[in-house]
$ cat query34.csv   # CSV, C-alpha atoms and all ligand atoms
chain,number,residue,atom,x,y,z
A,263,MET,CA,5.3,9.7,-24.2
A,264,LYS,CA,2.3,11.9,-23.4
A,265,THR,CA,0.2,10.6,-20.5
A,266,ARG,CA,-3.5,10.9,-21.1
A,267,LEU,CA,-6.1,11.5,-18.4
A,268,LEU,CA,-9.2,9.2,-18.9
A,269,THR,CA,-12.4,9.3,-17.0
A,270,GLY,CA,-14.8,6.6,-15.7
A,271,GLN,CA,-16.6,6.8,-19.0
A,272,ASP,CA,-13.6,5.6,-21.0
A,273,ILE,CA,-13.7,1.9,-20.2
A,274,GLU,CA,-13.1,0.7,-23.7
A,275,ALA,CA,-10.2,3.1,-24.3
A,276,ALA,CA,-8.6,2.0,-21.0
A,277,ALA,CA,-9.1,-1.7,-21.7
A,278,ALA,CA,-7.5,-1.2,-25.1
A,279,ILE,CA,-4.4,0.2,-23.5
A,280,LEU,CA,-4.1,-3.0,-21.4
A,281,GLY,CA,-4.8,-5.1,-24.5
A,282,ASP,CA,-2.1,-3.4,-26.4
A,283,GLY,CA,0.6,-4.0,-23.8
A,284,GLY,CA,0.4,-0.5,-22.5
A,285,LEU,CA,0.7,1.0,-19.0
A,286,LEU,CA,-2.5,2.3,-17.3
A,287,GLY,CA,-3.0,4.1,-14.0
A,288,ILE,CA,-6.1,2.5,-12.3
A,289,PRO,CA,-8.1,3.8,-9.4
A,290,THR,CA,-8.8,1.3,-6.6
A,291,GLU,CA,-10.3,1.8,-3.1
A,292,THR,CA,-6.9,1.5,-1.5
A,293,VAL,CA,-4.4,3.5,-3.7
A,294,TYR,CA,-4.0,4.1,-7.4
A,295,GLY,CA,-2.2,1.2,-9.2
A,296,LEU,CA,0.1,1.0,-12.2
A,297,GLY,CA,-1.6,-1.6,-14.3
A,298,ALA,CA,-0.6,-3.8,-17.3
A,299,ASN,CA,-1.8,-7.1,-18.8
A,300,GLY,CA,-0.5,-9.6,-16.2
A,301,LEU,CA,-0.2,-12.3,-18.8
A,302,ASP,CA,2.1,-10.2,-21.1
A,303,PRO,CA,5.7,-10.4,-19.8
A,304,GLU,CA,6.9,-7.5,-21.9
A,305,ALA,CA,4.2,-5.2,-20.6
A,306,VAL,CA,4.8,-6.3,-17.0
A,307,ARG,CA,8.6,-5.6,-17.5
A,308,ARG,CA,7.7,-2.0,-18.4
A,309,ILE,CA,5.9,-1.6,-15.0
A,310,PHE,CA,9.2,-2.2,-13.3
A,311,GLU,CA,10.9,0.3,-15.6
A,312,ALA,CA,8.3,3.1,-15.2
A,313,LYS,CA,8.4,2.8,-11.4
A,314,GLY,CA,12.1,2.2,-11.0
A,315,ARG,CA,11.1,-0.9,-9.0
A,316,PRO,CA,13.7,-3.5,-8.0
A,317,SER,CA,13.3,-6.6,-10.1
A,318,ASP,CA,13.0,-8.9,-7.1
A,319,ASN,CA,9.8,-7.3,-5.8
A,320,PRO,CA,6.7,-9.2,-7.1
A,321,LEU,CA,3.4,-7.7,-8.3
A,322,ILE,CA,-0.2,-8.4,-7.3
A,323,LEU,CA,-2.6,-9.7,-9.9
A,324,HIS,CA,-6.0,-8.0,-9.9
A,325,ILE,CA,-9.1,-10.0,-10.9
A,326,PRO,CA,-12.8,-9.1,-11.2
A,327,ASP,CA,-14.1,-12.0,-9.0
A,328,ALA,CA,-13.1,-15.2,-7.2
A,329,SER,CA,-14.1,-17.4,-10.2
A,330,TRP,CA,-10.8,-16.3,-11.8
A,331,LEU,CA,-8.7,-17.7,-8.9
A,332,GLU,CA,-8.3,-21.2,-10.4
A,333,ARG,CA,-6.9,-19.8,-13.6
A,334,TYR,CA,-3.8,-18.5,-11.9
A,335,CYS,CA,-3.6,-20.5,-8.6
A,336,HIS,CA,-3.7,-24.2,-7.7
A,337,ASP,CA,-4.6,-25.9,-4.5
A,338,VAL,CA,-6.7,-23.0,-3.5
A,339,PRO,CA,-7.8,-23.7,0.1
A,340,ASP,CA,-11.5,-23.3,1.2
A,341,THR,CA,-10.5,-20.5,3.4
A,342,ALA,CA,-9.5,-18.4,0.3
A,343,TYR,CA,-13.1,-18.7,-0.9
A,344,THR,CA,-14.5,-17.9,2.5
A,345,LEU,CA,-12.3,-14.8,2.7
A,346,ALA,CA,-13.3,-13.8,-0.9
A,347,GLU,CA,-16.9,-14.2,-0.1
A,348,LYS,CA,-16.6,-12.0,2.9
A,349,PHE,CA,-14.1,-9.4,1.9
A,350,TRP,CA,-14.0,-9.2,-2.0
A,351,PRO,CA,-14.2,-6.9,-3.7
A,352,GLY,CA,-12.1,-5.2,-1.1
A,353,PRO,CA,-8.6,-4.4,0.4
A,354,LEU,CA,-7.4,-8.0,0.8
A,355,THR,CA,-4.6,-9.7,-1.1
A,356,MET,CA,-4.2,-13.4,-0.8
A,357,ILE,CA,-0.9,-15.2,-1.4
A,358,LEU,CA,-1.6,-18.6,-3.1
A,359,PRO,CA,0.3,-21.3,-5.0
A,360,ARG,CA,0.8,-20.0,-8.5
A,361,ARG,CA,0.1,-21.8,-11.8
A,362,GLU,CA,2.4,-21.7,-14.8
A,363,THR,CA,-0.1,-19.4,-16.5
A,364,VAL,CA,1.4,-16.5,-14.5
A,365,PRO,CA,4.6,-15.2,-16.1
A,366,ASP,CA,7.8,-15.3,-14.0
A,367,VAL,CA,8.2,-11.6,-14.2
A,368,VAL,CA,5.0,-11.0,-12.2
A,369,THR,CA,6.1,-13.2,-9.3
A,370,CYS,CA,9.8,-12.6,-9.7
A,371,GLY,CA,10.2,-16.4,-9.9
A,372,LEU,CA,8.4,-17.2,-6.6
A,373,ASP,CA,6.1,-20.2,-6.7
A,374,THR,CA,3.3,-18.1,-5.1
A,375,VAL,CA,1.3,-15.2,-6.5
A,376,GLY,CA,-0.6,-12.4,-4.8
A,377,ILE,CA,-4.2,-12.0,-5.9
A,378,ARG,CA,-6.8,-9.4,-5.2
A,379,CYS,CA,-10.2,-8.1,-6.3
A,380,PRO,CA,-10.3,-4.3,-6.0
A,381,ASP,CA,-13.4,-2.5,-4.9
A,382,HIS,CA,-13.7,0.1,-7.6
A,383,PRO,CA,-16.5,-0.1,-10.2
A,384,VAL,CA,-14.4,1.5,-13.0
A,385,THR,CA,-11.4,-0.7,-12.5
A,386,LEU,CA,-13.5,-3.8,-12.3
A,387,ALA,CA,-15.2,-2.8,-15.6
A,388,VAL,CA,-11.8,-2.1,-17.2
A,389,ILE,CA,-10.4,-5.5,-16.2
A,390,ARG,CA,-13.5,-7.3,-17.4
A,391,ALA,CA,-13.5,-5.5,-20.7
A,392,ALA,CA,-9.8,-6.3,-21.2
A,393,GLY,CA,-10.4,-9.9,-20.2
A,394,VAL,CA,-7.0,-10.3,-18.6
A,395,PRO,CA,-5.8,-10.2,-15.0
A,396,THR,CA,-4.1,-6.8,-14.3
A,397,ALA,CA,-0.7,-6.8,-12.7
A,398,ALA,CA,-0.5,-3.6,-10.6
A,399,PRO,CA,1.8,-2.3,-7.9
A,400,SER,CA,0.9,1.1,-6.3
A,401,GLY,CA,1.3,3.9,-8.8
A,402,ASN,CA,4.1,5.8,-7.2
A,403,ARG,CA,7.7,6.0,-8.2
A,404,SER,CA,9.6,3.4,-6.2
A,405,GLY,CA,10.2,4.5,-2.6
A,406,ARG,CA,7.6,7.4,-2.7
A,407,PRO,CA,4.3,7.6,-0.8
A,408,SER,CA,1.5,5.8,-2.7
A,409,PRO,CA,-0.9,8.0,-4.7
A,410,THR,CA,-4.4,8.3,-3.4
A,411,CYS,CA,-5.7,10.5,-6.2
A,412,ALA,CA,-5.0,10.8,-10.0
A,413,ALA,CA,-3.1,14.1,-9.5
A,414,HIS,CA,-0.6,12.4,-7.2
A,415,MET,CA,-0.1,9.6,-9.6
A,416,LEU,CA,0.4,12.0,-12.4
A,417,GLU,CA,3.1,13.8,-10.3
A,418,ASP,CA,5.1,10.6,-10.3
A,419,MET,CA,4.3,9.1,-13.6
A,420,ASP,CA,3.7,11.9,-16.2
A,421,GLY,CA,5.4,11.0,-19.4
A,422,ARG,CA,6.2,7.4,-18.3
A,423,ILE,CA,2.8,5.7,-18.8
A,424,ASP,CA,0.1,5.8,-21.5
A,425,ALA,CA,-2.8,7.0,-19.4
A,426,ILE,CA,-4.4,7.3,-15.9
A,427,VAL,CA,-8.1,6.7,-15.3
A,428,ASP,CA,-9.3,9.3,-12.8
A,429,GLY,CA,-11.7,7.5,-10.6
A,430,GLY,CA,-11.7,10.1,-7.8
A,431,PRO,CA,-9.9,10.0,-4.4
A,432,CYS,CA,-9.3,6.6,-2.8
A,433,GLY,CA,-11.7,5.7,0.0
A,434,VAL,CA,-9.4,3.6,2.1
A,435,GLY,CA,-6.1,5.3,1.5
A,436,VAL,CA,-3.6,2.6,2.5
A,437,GLU,CA,-2.8,-0.5,0.4
A,438,SER,CA,-4.5,-3.9,0.8
A,439,THR,CA,-3.8,-6.2,3.7
A,440,ILE,CA,-1.7,-9.2,2.5
A,441,ILE,CA,-2.3,-12.6,4.0
A,442,ASP,CA,-0.2,-15.6,3.0
A,443,LEU,CA,-2.5,-18.7,2.9
A,444,THR,CA,0.3,-21.1,1.8
A,445,VAL,CA,1.5,-21.5,5.4
A,446,THR,CA,0.0,-22.6,8.7
A,447,PRO,CA,-1.1,-20.6,10.5
A,448,PRO,CA,-1.8,-18.0,7.8
A,449,ARG,CA,0.6,-15.1,8.0
A,450,LEU,CA,0.0,-11.4,7.8
A,451,LEU,CA,2.7,-10.0,5.5
A,452,ARG,CA,1.4,-6.4,5.3
A,453,PRO,CA,-1.2,-4.7,7.4
A,454,GLY,CA,-3.6,-2.7,5.2
A,455,GLY,CA,-7.1,-1.6,4.5
A,456,LEU,CA,-8.7,-4.7,6.1
A,457,PRO,CA,-8.0,-4.9,9.8
A,458,LEU,CA,-6.1,-7.9,11.2
A,459,GLU,CA,-9.0,-8.4,13.6
A,460,ALA,CA,-11.4,-9.1,10.7
A,461,LEU,CA,-9.1,-11.8,9.4
A,462,GLU,CA,-8.7,-13.3,12.8
A,463,ALA,CA,-12.5,-13.5,13.2
A,464,VAL,CA,-12.5,-15.8,10.1
A,465,LEU,CA,-9.2,-17.6,10.3
A,466,GLY,CA,-8.6,-17.9,14.0
A,467,GLU,CA,-4.9,-17.7,14.6
A,468,VAL,CA,-2.9,-15.4,12.3
A,469,ALA,CA,0.8,-15.0,12.6
A,470,VAL,CA,2.1,-11.5,12.1
A,471,ASP,CA,5.3,-11.3,10.1
A,472,ARG,CA,8.2,-9.7,11.9
A,473,ALA,CA,8.8,-7.2,9.1
A,474,VAL,CA,5.4,-5.6,9.9
A,475,LEU,CA,6.5,-4.4,13.3
A,476,SER,CA,10.3,-3.9,13.2
A,477,PRO,CA,13.1,-3.3,10.8
A,478,LEU,CA,14.8,-6.3,9.3
A,479,SER,CA,18.4,-7.0,10.4
A,480,ALA,CA,21.1,-6.9,7.8
A,481,GLY,CA,20.7,-9.7,5.3
A,482,GLU,CA,17.4,-10.9,6.7
A,483,LYS,CA,14.9,-11.9,3.9
A,484,PRO,CA,11.3,-10.9,4.4
A,485,ARG,CA,8.5,-13.0,3.1
A,486,ALA,CA,7.0,-10.1,1.2
A,487,PRO,CA,10.0,-9.0,-0.7
A,488,GLY,CA,8.7,-5.4,-0.8
A,489,MET,CA,9.0,-5.1,2.9
A,490,LYS,CA,12.8,-4.8,2.8
A,491,TYR,CA,12.8,-1.5,0.9
A,492,ARG,CA,12.6,2.0,2.5
A,493,HIS,CA,9.1,3.0,1.5
A,494,TYR,CA,6.5,5.8,1.4
A,495,ALA,CA,9.3,8.3,2.2
A,496,PRO,CA,9.0,12.0,1.7
A,497,LYS,CA,12.2,13.8,0.9
A,498,ALA,CA,12.8,15.1,4.5
A,499,PRO,CA,13.7,12.4,7.1
A,500,VAL,CA,10.8,11.4,9.4
A,501,THR,CA,10.8,10.6,13.1
A,502,VAL,CA,7.7,8.7,14.4
A,503,VAL,CA,6.8,9.3,18.0
A,504,THR,CA,4.6,6.6,19.7
A,505,GLY,CA,2.7,6.8,22.9
A,506,GLU,CA,-0.2,8.7,24.5
A,507,GLY,CA,-1.2,11.7,22.3
A,508,GLY,CA,-0.7,14.5,24.9
A,509,ARG,CA,2.8,13.2,25.7
A,510,THR,CA,3.9,12.7,22.0
A,511,ALA,CA,2.6,16.3,21.2
A,512,ARG,CA,4.6,17.7,24.1
A,513,TYR,CA,7.7,15.8,23.0
A,514,ILE,CA,7.4,17.1,19.4
A,515,ARG,CA,6.7,20.6,20.5
A,516,GLU,CA,9.9,20.7,22.5
A,517,ARG,CA,11.9,19.8,19.4
A,518,LEU,CA,10.4,22.2,16.9
A,519,GLY,CA,12.8,24.2,14.7
A,520,LYS,CA,12.4,26.6,11.9
A,521,HIS,CA,12.2,24.0,9.3
A,522,THR,CA,10.3,21.3,11.1
A,523,GLY,CA,7.2,19.6,9.7
A,524,VAL,CA,4.6,17.9,11.9
A,525,ILE,CA,2.0,15.2,11.2
A,526,CYS,CA,-0.5,15.2,14.1
A,527,PHE,CA,-4.0,14.2,15.1
A,528,ASP,CA,-6.7,16.8,14.9
A,529,GLU,CA,-6.9,17.2,18.7
A,530,TYR,CA,-3.4,18.5,18.9
A,531,ALA,CA,-3.4,20.8,15.9
A,532,GLY,CA,-3.2,24.0,18.1
A,533,GLN,CA,0.0,22.9,19.8
A,534,PHE,CA,2.5,23.5,17.0
A,535,PRO,CA,2.3,27.2,16.2
A,536,GLY,CA,4.3,28.5,13.3
A,537,CYS,CA,5.4,25.2,11.9
A,538,ALA,CA,4.4,23.3,8.8
A,539,LEU,CA,1.5,21.2,9.9
A,540,GLN,CA,-0.5,18.3,8.5
A,541,THR,CA,-3.4,16.8,10.4
A,542,ILE,CA,-4.5,13.3,9.6
A,543,GLY,CA,-7.8,13.1,11.5
A,544,SER,CA,-8.9,12.4,15.1
A,545,ALA,CA,-6.7,10.2,17.3
A,546,ARG,CA,-9.8,8.0,17.6
A,547,ASP,CA,-10.4,7.6,13.9
A,548,PRO,CA,-7.7,5.4,12.2
A,549,ALA,CA,-9.9,5.0,9.1
A,550,GLU,CA,-9.6,8.8,8.5
A,551,GLN,CA,-5.9,8.6,9.3
A,552,ALA,CA,-5.5,5.9,6.7
A,553,ARG,CA,-7.2,8.1,4.1
A,554,ARG,CA,-4.9,11.0,4.8
A,555,VAL,CA,-1.5,9.6,5.8
A,556,PHE,CA,0.1,9.4,2.3
A,557,ASP,CA,-1.1,12.8,1.3
A,558,ALA,CA,0.4,14.2,4.5
A,559,LEU,CA,3.7,12.5,3.8
A,560,ARG,CA,3.7,13.8,0.2
A,561,SER,CA,2.8,17.4,1.2
A,562,PHE,CA,6.2,18.3,2.6
A,563,ASP,CA,8.0,17.7,-0.6
A,564,GLY,CA,8.9,20.9,-2.4
A,565,THR,CA,8.7,22.9,0.9
A,566,SER,CA,11.5,24.1,3.1
A,567,VAL,CA,10.8,21.4,5.7
A,568,GLU,CA,14.0,19.6,6.6
A,569,ALA,CA,12.7,17.2,9.3
A,570,ILE,CA,9.3,15.7,10.0
A,571,TYR,CA,7.9,14.5,13.3
A,572,ALA,CA,4.8,12.3,13.3
A,573,GLN,CA,2.3,11.3,16.0
A,574,CYS,CA,1.5,7.6,15.6
A,575,PRO,CA,-1.7,5.6,16.4
A,576,ASP,CA,-1.6,2.4,18.3
A,577,ASP,CA,-2.0,-1.0,16.6
A,578,ALA,CA,-5.8,-1.5,17.0
A,579,GLY,CA,-7.8,-1.9,13.8
A,580,LEU,CA,-6.6,0.2,10.9
A,581,GLY,CA,-4.1,1.8,13.3
A,582,LEU,CA,-1.7,-1.1,12.6
A,583,ALA,CA,-1.6,-0.2,8.9
A,584,VAL,CA,-1.2,3.6,9.5
A,585,ALA,CA,1.5,3.0,12.1
A,586,ASN,CA,3.3,0.6,9.7
A,587,ARG,CA,3.3,3.2,6.8
A,588,LEU,CA,4.6,5.9,9.1
A,589,LYS,CA,7.3,3.7,10.6
A,590,LYS,CA,8.4,2.6,7.1
A,591,ALA,CA,8.4,6.2,5.9
A,592,ALA,CA,10.7,6.9,8.9
A,593,GLY,CA,13.0,4.0,8.1
A,594,PHE,CA,11.9,2.8,11.6
A,595,GLN,CA,13.4,5.9,13.2
A,596,ILE,CA,11.0,5.7,16.2
A,597,THR,CA,10.9,7.4,19.6
A,598,ALA,CA,8.8,5.2,21.9
A,599,LEU,CA,7.5,7.3,24.8
A,600,GLU,CA,5.5,4.5,26.3
A,601,GLU,CA,8.8,2.8,27.1
A,602,VAL,CA,10.3,5.6,29.2
A,603,GLU,CA,9.2,6.9,32.6
A,604,PRO,CA,6.9,9.9,32.5
A,701,LIG,O1,-3.8,-2.1,-2.3
A,701,LIG,C1,-2.9,-2.6,-3.0
A,701,LIG,O2,-2.5,-3.8,-2.7
A,701,LIG,C2,-2.3,-1.8,-4.2
A,701,LIG,C3,-3.4,-1.6,-5.2
A,701,LIG,C4,-2.8,-1.0,-6.5
A,701,LIG,O3,-4.0,-2.8,-5.5
A,701,LIG,N1,-1.1,-2.5,-4.7
A,701,LIG,C5,0.1,-2.6,-4.0
A,701,LIG,O4,1.1,-3.2,-4.7
A,701,LIG,O5,0.2,-2.1,-2.9
A,701,LIG,P1,2.6,-3.1,-4.3
A,701,LIG,O6,3.3,-3.7,-5.5
A,701,LIG,O7,2.9,-1.7,-4.1
A,701,LIG,O8,2.8,-3.9,-3.1
A,701,LIG,C6,2.7,-5.3,-3.2
A,701,LIG,C7,3.4,-6.0,-2.1
A,701,LIG,C8,4.9,-5.9,-2.2
A,701,LIG,O9,5.4,-5.7,-0.9
A,701,LIG,C9,5.3,-7.3,-2.7
A,701,LIG,O10,6.6,-7.7,-2.2
A,701,LIG,C10,4.2,-8.2,-2.1
A,701,LIG,O11,3.1,-7.4,-2.2
A,701,LIG,N2,4.0,-9.4,-2.8
A,701,LIG,C11,3.6,-9.6,-4.1
A,701,LIG,N3,3.5,-10.8,-4.5
A,701,LIG,C12,4.0,-11.6,-3.4
A,701,LIG,C13,4.2,-13.0,-3.2
A,701,LIG,N4,3.9,-13.9,-4.1
A,701,LIG,N5,4.7,-13.3,-2.0
A,701,LIG,C14,4.9,-12.4,-1.0
A,701,LIG,N6,4.7,-11.1,-1.2
A,701,LIG,C15,4.3,-10.7,-2.4
A,702,MG,MG,3.8,0.0,-3.3
$ encode --input "query34.csv" --output "structure tokens"
Amino acid sequence: MKTRLLTGQDIEAAAAILGDGGLLGIPTETVYGLGANGLDPEAVRRIFEAKGRPSDNPLILHIPDASWLERYCHDVPDTAYTLAEKFWPGPLTMILPRRETVPDVVTCGLDTVGIRCPDHPVTLAVIRAAGVPTAAPSGNRSGRPSPTCAAHMLEDMDGRIDAIVDGGPCGVGVESTIIDLTVTPPRLLRPGGLPLEALEAVLGEVAVDRAVLSPLSAGEKPRAPGMKYRHYAPKAPVTVVTGEGGRTARYIRERLGKHTGVICFDEYAGQFPGCALQTIGSARDPAEQARRVFDALRSFDGTSVEAIYAQCPDDAGLGLAVANRLKKAAGFQITALEEVEP
């Protein structure tokens, strides 16, 4: 299969691919997605095949506005509409009770479904033109860092899907925040482009799922099935170093070898002479770190780097999502310097 590159002008052609049961790369504000008609089980099955995605990891349905919620969900709580009003279109996925209209293959048999309205004019126009909810996981091969531009998606998906719509680089850079509204208190299943603090301001208490912060023990079942898989991983193993920036930079510098790669904050860029370096923005700017973290992880592939060390932000604001992606990329291989004596 030849994968075509479409532009933001090609709305009708892109919608036709969805209508015909094809696979379409779609730009969103978070990361690129691998879309198919979410009501067509055969098309959705092909998403799993193209990604090499485990068949027990459900997909998010993308809709153009909150008026579509009732088509696919029942017992939608008022809070869902309040959140939609405030944060949609935007990087928030809500888990809600699912109607029978949603095929089993989308939810992997769960009685809930994840729904989001992405903030990208091209993708919203494509979904409206197709007239169907679009099932879409991130557009990477399973286990790889998520793509934040069309070229990165093509790297993973060339020859496996019908087309990619190039809508420019993603403005947020990490996936949506996932909140489960079927439980009390609501539960954060994945930190993402919408900070936890913004949800707490609306919902009050929010429980943070254990899988967000620490690795699962053997056999433990996470509430977001995707959280159990190693994720976002470059080919070389990653070690995440948490703690104050000066200290983590020193720690990493003492361990540099010939084939070490480093992901660091801009302030410390001068401290790692001669090694493969990726900066991800200022230590004080987690939004910039979010935009750059996946590109940084991806950049070491195809180089001679054999081990990667990464500085890690603290959990405030978007830092929680950046730290979660780095820790998952590292398979939770973490050195916590705040826990040891200076
Ligand atoms: O920003 C995003 O959310 C991107 C763009 C393309 O919209 N999509 C994305 O999809 O990140 P994906 O498939 O890579 O991640 C979806 C996560 C998985 O961890 C999955 O297990 C979880 O959402 N999920 C989906 N449906 C769920 C459900 N009903 N209950 C719990 N978790 C669910
Ligand atoms: Mg993904």
$ closest_atom_pairs --input "query34.csv" --of "chain A" --to "ligand MG 702 (chain A)" --cutoff "10 Å" --atoms "all atoms listed in the file" --output "tab-separated table"
residue	atom	partner	partner_atom	distance
A:Val293	CA	A:MG702	MG	8.9
A:Tyr294	CA	A:MG702	MG	9.7
A:Gly295	CA	A:MG702	MG	8.5
A:Leu296	CA	A:MG702	MG	9.7
A:Lys313	CA	A:MG702	MG	9.7
A:Arg315	CA	A:MG702	MG	9.3
A:Asn319	CA	A:MG702	MG	9.8
A:Leu321	CA	A:MG702	MG	9.2
A:Ala398	CA	A:MG702	MG	9.2
A:Pro399	CA	A:MG702	MG	5.5
A:Ser400	CA	A:MG702	MG	4.3
A:Gly401	CA	A:MG702	MG	7.2
A:Asn402	CA	A:MG702	MG	7.0
A:Arg403	CA	A:MG702	MG	8.7
A:Ser404	CA	A:MG702	MG	7.3
A:Gly405	CA	A:MG702	MG	7.9
A:Arg406	CA	A:MG702	MG	8.3
A:Pro407	CA	A:MG702	MG	8.0
A:Ser408	CA	A:MG702	MG	6.3
A:Pro409	CA	A:MG702	MG	9.4
A:Val436	CA	A:MG702	MG	9.8
A:Glu437	CA	A:MG702	MG	7.6
A:Gly488	CA	A:MG702	MG	7.7
A:Met489	CA	A:MG702	MG	9.6
A:His493	CA	A:MG702	MG	7.8
A:Tyr494	CA	A:MG702	MG	7.9
$ closest_residue --input "query34.csv" --among "A:Ala486, A:Ala463, A:Cys537, A:Leu456" --to "A:Cys370" --atoms "only C-alpha atoms"
A:Ala486
$ closest_residue --input "query34.csv" --among "A:Ala592, A:Val367, A:Leu451, A:Leu458" --to "A:Ile309" --atoms "all atoms listed in the file"
A:Val367
$ residues_near_point --input "query34.csv" --point "(-17.3, 2.3, -12.9)" --cutoff "12 Å" --atoms "only C-alpha atoms" --output "compact mmCIF listing (two decimals) with C-alpha atoms, in the coordinates of the input"
# COMPACT_ATOMS: atom_id res chain seq x y z
CA THR A 269 -12.40 9.30 -17.00
CA GLY A 270 -14.80 6.60 -15.70
CA GLN A 271 -16.60 6.80 -19.00
CA ASP A 272 -13.60 5.60 -21.00
CA ILE A 273 -13.70 1.90 -20.20
CA GLU A 274 -13.10 0.70 -23.70
CA ALA A 276 -8.60 2.00 -21.00
CA ILE A 288 -6.10 2.50 -12.30
CA PRO A 289 -8.10 3.80 -9.40
CA THR A 290 -8.80 1.30 -6.60
CA PRO A 380 -10.30 -4.30 -6.00
CA ASP A 381 -13.40 -2.50 -4.90
CA HIS A 382 -13.70 0.10 -7.60
CA PRO A 383 -16.50 -0.10 -10.20
CA VAL A 384 -14.40 1.50 -13.00
CA THR A 385 -11.40 -0.70 -12.50
CA LEU A 386 -13.50 -3.80 -12.30
CA ALA A 387 -15.20 -2.80 -15.60
CA VAL A 388 -11.80 -2.10 -17.20
CA ILE A 389 -10.40 -5.50 -16.20
CA ARG A 390 -13.50 -7.30 -17.40
CA ALA A 391 -13.50 -5.50 -20.70
CA VAL A 427 -8.10 6.70 -15.30
CA ASP A 428 -9.30 9.30 -12.80
CA GLY A 429 -11.70 7.50 -10.60
CA GLY A 430 -11.70 10.10 -7.80
$ atom_distance --input "query34.csv" --atom1 "atom CA of A:Ala473" --atom2 "atom CA of A:Asn586"
9.6 Å
$ closest_residue --input "query34.csv" --among "A:Pro457, A:Pro487, A:Gly505, A:Gly284" --to "ligand LIG 701 (chain A)" --atoms "only C-alpha atoms and all ligand atoms"
A:Pro487
$ closest_residue --input "query34.csv" --among "A:Ala346, A:Leu358, A:Val394, A:Cys411" --to "A:Gly287" --atoms "all atoms listed in the file"
A:Cys411
$ atom_distance --input "query34.csv" --atom1 "atom C12 of ligand LIG 701 (chain A)" --atom2 "atom CA of A:Arg485"
8.0 Å
$ atom_distance --input "query34.csv" --atom1 "atom CA of A:Phe310" --atom2 "atom CA of A:Ala397"
10.9 Å
$ residues_around --input "query34.csv" --residues "A:Leu285" --least-positions-apart "2" --cutoff "6 Å" --atoms "only C-alpha atoms" --output "number ranges by chain"
A: 297-298, 423-424
$ closest_residue --input "query34.csv" --among "A:Thr597, A:Ser317, A:Thr363, A:Thr341" --to "A:Pro447" --atoms "all atoms listed in the file"
A:Thr341
$ closest_residue --input "query34.csv" --among "A:Ile279, A:Ile441, A:Ala392, A:Ala425" --to "ligand LIG 701 (chain A)" --atoms "all atoms listed in the file"
A:Ile441
$ residues_near_point --input "query34.csv" --point "(2.7, 23.5, 16.8)" --cutoff "10 Å" --atoms "all atoms listed in the file" --output "ChimeraX atom specification"
/A:511-512,514-516,518,522-524,526,530-539
$ residues_around --input "query34.csv" --residues "stretch 507-510 of chain A" --least-positions-apart "5" --cutoff "9 Å" --atoms "only C-alpha atoms" --output "mmCIF file with C-alpha atoms, in the coordinates of the input"
data_model
loop_
_atom_site.group_PDB
_atom_site.id
_atom_site.type_symbol
_atom_site.label_atom_id
_atom_site.label_comp_id
_atom_site.auth_asym_id
_atom_site.auth_seq_id
_atom_site.Cartn_x
_atom_site.Cartn_y
_atom_site.Cartn_z
ATOM 1 C CA ARG A 515 6.700 20.600 20.500
ATOM 2 C CA CYS A 526 -0.500 15.200 14.100
ATOM 3 C CA PHE A 527 -4.000 14.200 15.100
ATOM 4 C CA GLU A 529 -6.900 17.200 18.700
ATOM 5 C CA TYR A 530 -3.400 18.500 18.900
ATOM 6 C CA ALA A 545 -6.700 10.200 17.300
ATOM 7 C CA ALA A 572 4.800 12.300 13.300
ATOM 8 C CA GLN A 573 2.300 11.300 16.000
ATOM 9 C CA CYS A 574 1.500 7.600 15.600
ATOM 10 C CA PRO A 575 -1.700 5.600 16.400
ATOM 11 C CA ALA A 598 8.800 5.200 21.900
ATOM 12 C CA LEU A 599 7.500 7.300 24.800
ATOM 13 C CA PRO A 604 6.900 9.900 32.500
#
$ residues_around --input "query34.csv" --residues "A:Arg554" --least-positions-apart "4" --cutoff "10 Å" --atoms "all atoms listed in the file" --output "ChimeraX atom specification"
/A:410,432-436,540-543,548-550,558-559,584
